[in-house]
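Participant: So that you have it, the file is structure.cif, and it contains mmCIF, N, CA and C atoms:
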data_query
loop_
_atom_site.label_atom_id
_atom_site.label_comp_id
_atom_site.auth_asym_id
_atom_site.auth_seq_id
_atom_site.Cartn_x
_atom_site.Cartn_y
_atom_site.Cartn_z
N ILE A 1 3.74 -12.06 -17.68
CA ILE A 1 3.49 -10.63 -17.79
C ILE A 1 3.29 -10.02 -16.41
N VAL A 2 2.60 -10.75 -15.54
CA VAL A 2 2.33 -10.22 -14.21
C VAL A 2 3.63 -10.04 -13.43
N GLY A 3 4.54 -10.99 -13.53
CA GLY A 3 5.82 -10.88 -12.83
C GLY A 3 6.63 -9.69 -13.30
N ASP A 4 6.65 -9.46 -14.61
CA ASP A 4 7.36 -8.29 -15.14
C ASP A 4 6.72 -7.00 -14.66
N SER A 5 5.40 -6.97 -14.63
CA SER A 5 4.70 -5.77 -14.18
C SER A 5 4.99 -5.47 -12.72
N ILE A 6 5.00 -6.50 -11.89
CA ILE A 6 5.29 -6.30 -10.47
C ILE A 6 6.71 -5.79 -10.27
N SER A 7 7.65 -6.39 -10.96
CA SER A 7 9.05 -5.97 -10.78
C SER A 7 9.28 -4.54 -11.25
N GLN A 8 8.51 -4.08 -12.21
CA GLN A 8 8.67 -2.70 -12.70
C GLN A 8 7.99 -1.68 -11.80
N THR A 9 6.91 -2.06 -11.14
CA THR A 9 6.16 -1.07 -10.36
C THR A 9 6.37 -1.16 -8.86
N VAL A 10 7.00 -2.21 -8.36
CA VAL A 10 7.13 -2.37 -6.91
C VAL A 10 7.97 -1.24 -6.30
N THR A 11 9.00 -0.82 -6.95
CA THR A 11 9.85 0.25 -6.40
C THR A 11 9.07 1.55 -6.31
N ARG A 12 8.34 1.88 -7.37
CA ARG A 12 7.55 3.12 -7.35
C ARG A 12 6.47 3.06 -6.28
N SER A 13 5.81 1.93 -6.16
CA SER A 13 4.74 1.80 -5.17
C SER A 13 5.27 1.95 -3.75
N ILE A 14 6.38 1.29 -3.47
CA ILE A 14 6.96 1.37 -2.13
C ILE A 14 7.48 2.77 -1.84
N ASN A 15 8.13 3.40 -2.80
CA ASN A 15 8.62 4.77 -2.58
C ASN A 15 7.48 5.74 -2.32
N THR A 16 6.43 5.63 -3.09
CA THR A 16 5.28 6.51 -2.89
C THR A 16 4.64 6.27 -1.53
N SER A 17 4.47 5.01 -1.18
CA SER A 17 3.85 4.69 0.11
C SER A 17 4.74 5.13 1.28
N LEU A 18 6.03 4.90 1.19
CA LEU A 18 6.93 5.29 2.28
C LEU A 18 6.97 6.81 2.47
N THR A 19 6.93 7.55 1.38
CA THR A 19 6.91 9.00 1.49
C THR A 19 5.65 9.48 2.20
N THR A 20 4.52 8.90 1.83
CA THR A 20 3.26 9.28 2.46
C THR A 20 3.23 8.82 3.92
N VAL A 21 3.71 7.61 4.18
CA VAL A 21 3.73 7.10 5.55
C VAL A 21 4.63 7.97 6.43
N LEU A 22 5.75 8.41 5.92
CA LEU A 22 6.65 9.27 6.69
C LEU A 22 5.94 10.56 7.09
N ALA A 23 5.25 11.18 6.15
CA ALA A 23 4.51 12.41 6.46
C ALA A 23 3.41 12.14 7.48
N LEU A 24 2.72 11.02 7.36
CA LEU A 24 1.64 10.71 8.31
C LEU A 24 2.17 10.37 9.70
N VAL A 25 3.33 9.74 9.77
CA VAL A 25 3.92 9.44 11.08
C VAL A 25 4.30 10.74 11.79
N VAL A 26 4.88 11.66 11.06
CA VAL A 26 5.21 12.97 11.65
C VAL A 26 3.94 13.67 12.11
N LEU A 27 2.91 13.63 11.28
CA LEU A 27 1.64 14.25 11.66
C LEU A 27 1.02 13.56 12.87
N TYR A 28 1.17 12.27 12.96
CA TYR A 28 0.63 11.52 14.10
C TYR A 28 1.31 11.93 15.41
N PHE A 29 2.63 12.05 15.39
CA PHE A 29 3.35 12.33 16.63
C PHE A 29 3.35 13.82 17.00
N PHE A 30 3.26 14.70 16.04
CA PHE A 30 3.36 16.12 16.33
C PHE A 30 2.06 16.89 16.10
N GLY A 31 1.02 16.22 15.65
CA GLY A 31 -0.24 16.90 15.38
C GLY A 31 -1.18 16.86 16.56
N PRO A 32 -2.29 17.61 16.49
CA PRO A 32 -3.29 17.57 17.56
C PRO A 32 -4.01 16.23 17.60
N ALA A 33 -4.82 16.02 18.62
CA ALA A 33 -5.48 14.72 18.84
C ALA A 33 -6.38 14.32 17.68
N VAL A 34 -7.13 15.26 17.14
CA VAL A 34 -8.03 14.93 16.03
C VAL A 34 -7.23 14.50 14.81
N THR A 35 -6.14 15.17 14.56
CA THR A 35 -5.30 14.82 13.42
C THR A 35 -4.60 13.49 13.64
N GLN A 36 -4.29 13.16 14.88
CA GLN A 36 -3.64 11.89 15.18
C GLN A 36 -4.54 10.72 14.81
N HIS A 37 -5.80 10.80 15.16
CA HIS A 37 -6.72 9.72 14.83
C HIS A 37 -6.90 9.57 13.32
N PHE A 38 -7.00 10.70 12.64
CA PHE A 38 -7.16 10.68 11.19
C PHE A 38 -5.90 10.13 10.51
N SER A 39 -4.73 10.56 10.96
CA SER A 39 -3.50 10.07 10.34
C SER A 39 -3.28 8.59 10.64
N LEU A 40 -3.72 8.11 11.79
CA LEU A 40 -3.61 6.69 12.10
C LEU A 40 -4.49 5.87 11.15
N ALA A 41 -5.69 6.35 10.89
CA ALA A 41 -6.56 5.66 9.94
C ALA A 41 -5.95 5.64 8.54
N LEU A 42 -5.37 6.76 8.13
CA LEU A 42 -4.71 6.81 6.83
C LEU A 42 -3.50 5.89 6.77
N LEU A 43 -2.73 5.84 7.86
CA LEU A 43 -1.57 4.94 7.91
C LEU A 43 -1.98 3.49 7.71
N ILE A 44 -3.01 3.07 8.42
CA ILE A 44 -3.48 1.69 8.30
C ILE A 44 -3.94 1.42 6.87
N GLY A 45 -4.67 2.36 6.29
CA GLY A 45 -5.16 2.18 4.93
C GLY A 45 -4.06 2.12 3.89
N ILE A 46 -3.07 2.97 4.02
CA ILE A 46 -1.97 2.98 3.04
C ILE A 46 -1.14 1.72 3.15
N ILE A 47 -0.86 1.29 4.36
CA ILE A 47 -0.07 0.06 4.53
C ILE A 47 -0.84 -1.15 4.00
N ALA A 48 -2.12 -1.23 4.33
CA ALA A 48 -2.93 -2.35 3.84
C ALA A 48 -3.07 -2.31 2.32
N GLY A 49 -3.26 -1.13 1.77
CA GLY A 49 -3.41 -1.00 0.33
C GLY A 49 -2.15 -1.35 -0.43
N THR A 50 -1.01 -0.94 0.09
CA THR A 50 0.26 -1.26 -0.57
C THR A 50 0.51 -2.76 -0.52
N TYR A 51 0.28 -3.36 0.63
CA TYR A 51 0.45 -4.81 0.76
C TYR A 51 -0.49 -5.55 -0.19
N SER A 52 -1.73 -5.10 -0.23
CA SER A 52 -2.73 -5.74 -1.08
C SER A 52 -2.35 -5.63 -2.55
N SER A 53 -1.91 -4.47 -2.96
CA SER A 53 -1.57 -4.26 -4.37
C SER A 53 -0.40 -5.14 -4.81
N ILE A 54 0.58 -5.29 -3.95
CA ILE A 54 1.78 -6.02 -4.33
C ILE A 54 1.64 -7.52 -4.09
N CYS A 55 1.12 -7.90 -2.94
CA CYS A 55 1.18 -9.31 -2.53
C CYS A 55 -0.11 -10.10 -2.73
N ILE A 56 -1.24 -9.45 -2.87
CA ILE A 56 -2.49 -10.18 -2.98
C ILE A 56 -3.09 -10.07 -4.38
N ALA A 57 -3.11 -8.89 -4.95
CA ALA A 57 -3.82 -8.67 -6.21
C ALA A 57 -3.20 -9.44 -7.37
N SER A 58 -1.90 -9.48 -7.46
CA SER A 58 -1.26 -10.16 -8.59
C SER A 58 -1.45 -11.67 -8.56
N PRO A 59 -1.21 -12.35 -7.44
CA PRO A 59 -1.51 -13.79 -7.42
C PRO A 59 -2.99 -14.09 -7.64
N LEU A 60 -3.85 -13.23 -7.15
CA LEU A 60 -5.27 -13.42 -7.36
C LEU A 60 -5.61 -13.29 -8.85
N LEU A 61 -4.99 -12.35 -9.53
CA LEU A 61 -5.20 -12.20 -10.97
C LEU A 61 -4.78 -13.44 -11.72
N VAL A 62 -3.64 -13.99 -11.37
CA VAL A 62 -3.15 -15.21 -12.03
C VAL A 62 -4.09 -16.38 -11.75
N THR A 63 -4.59 -16.48 -10.53
CA THR A 63 -5.51 -17.56 -10.18
C THR A 63 -6.82 -17.44 -10.94
N VAL A 64 -7.38 -16.26 -11.01
CA VAL A 64 -8.64 -16.07 -11.74
C VAL A 64 -8.45 -16.33 -13.22
N GLU A 65 -7.33 -15.91 -13.76
CA GLU A 65 -7.04 -16.18 -15.18
C GLU A 65 -6.96 -17.67 -15.43
N GLY A 66 -6.39 -18.41 -14.50
CA GLY A 66 -6.31 -19.87 -14.64
C GLY A 66 -7.70 -20.52 -14.58
N TRP A 67 -8.58 -19.99 -13.72
CA TRP A 67 -9.94 -20.52 -13.66
C TRP A 67 -10.71 -20.28 -14.95
N GLN A 68 -10.47 -19.14 -15.58
CA GLN A 68 -11.19 -18.80 -16.81
C GLN A 68 -10.79 -19.71 -17.97
N LYS A 69 -9.58 -20.22 -17.92
CA LYS A 69 -9.13 -21.11 -18.99
C LYS A 69 -9.61 -22.50 -18.68
#
Output the file's structure in the form of structure tokens.

Facilitator:
Amino acid sequence: IVGDSISQTVTRSINTSLTTVLALVVLYFFGPAVTQHFSLALLIGIIAGTYSSICIASPLLVTVEGWQK
């Protein structure tokens, strides 16, 4: 079930993240200094969150489910 869920949602997750990252990159390069620092923090968070959701959370769920059995 986890594999099917990942394959169905990975495209949407990546598209949403890339759209937001694109806007933040533009804001980072063309915005004022205060906005640059804020957009950099958001960029790091979105990239880490997307990676975590796709590559860490699902295997962790399967591992915890195996421990419970």

Participant: Of the candidates A:Ile6, A:Cys55, A:Leu24, A:Leu60, which one gets nearest to Leu43 (chain A) if we count all atoms listed in the file?

Facilitator: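 Closest residue, counting all atoms listed in the file: A:Leu24.
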
Participant: In Å, rounded to a single decimal, give me how far CA of Ile47 (chain A) is from atom C of Phe30 (chain A).

Facilitator: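 So the two atoms, atom C of Phe30 (chain A) and CA of Ile47 (chain A), lie 20.5 Å apart.
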
Participant: Which is closer to Val10 (chain A) than all the others in A:Ala48, A:Leu40, A:Ala23, A:Ile54, using only N, CA and C atoms?

Facilitator: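 Of all the options, A:Ile54 lies closest to Val10 (chain A).
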
Participant: To one decimal place in Å, what is the distance between atom C of Arg12 (chain A) and atom C of Gly49 (chain A)?

Facilitator: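 So the two atoms, atom C of Arg12 (chain A) and atom C of Gly49 (chain A), lie 11.3 Å apart.
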
Participant: Would you mind telling me which residue in A:Asp4, A:Leu27, A:Lys69, A:Thr20 lies nearest to Ser39 (chain A) when using all atoms listed in the file?

Facilitator: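 The answer is A:Leu27, which sits nearest to Ser39 (chain A).
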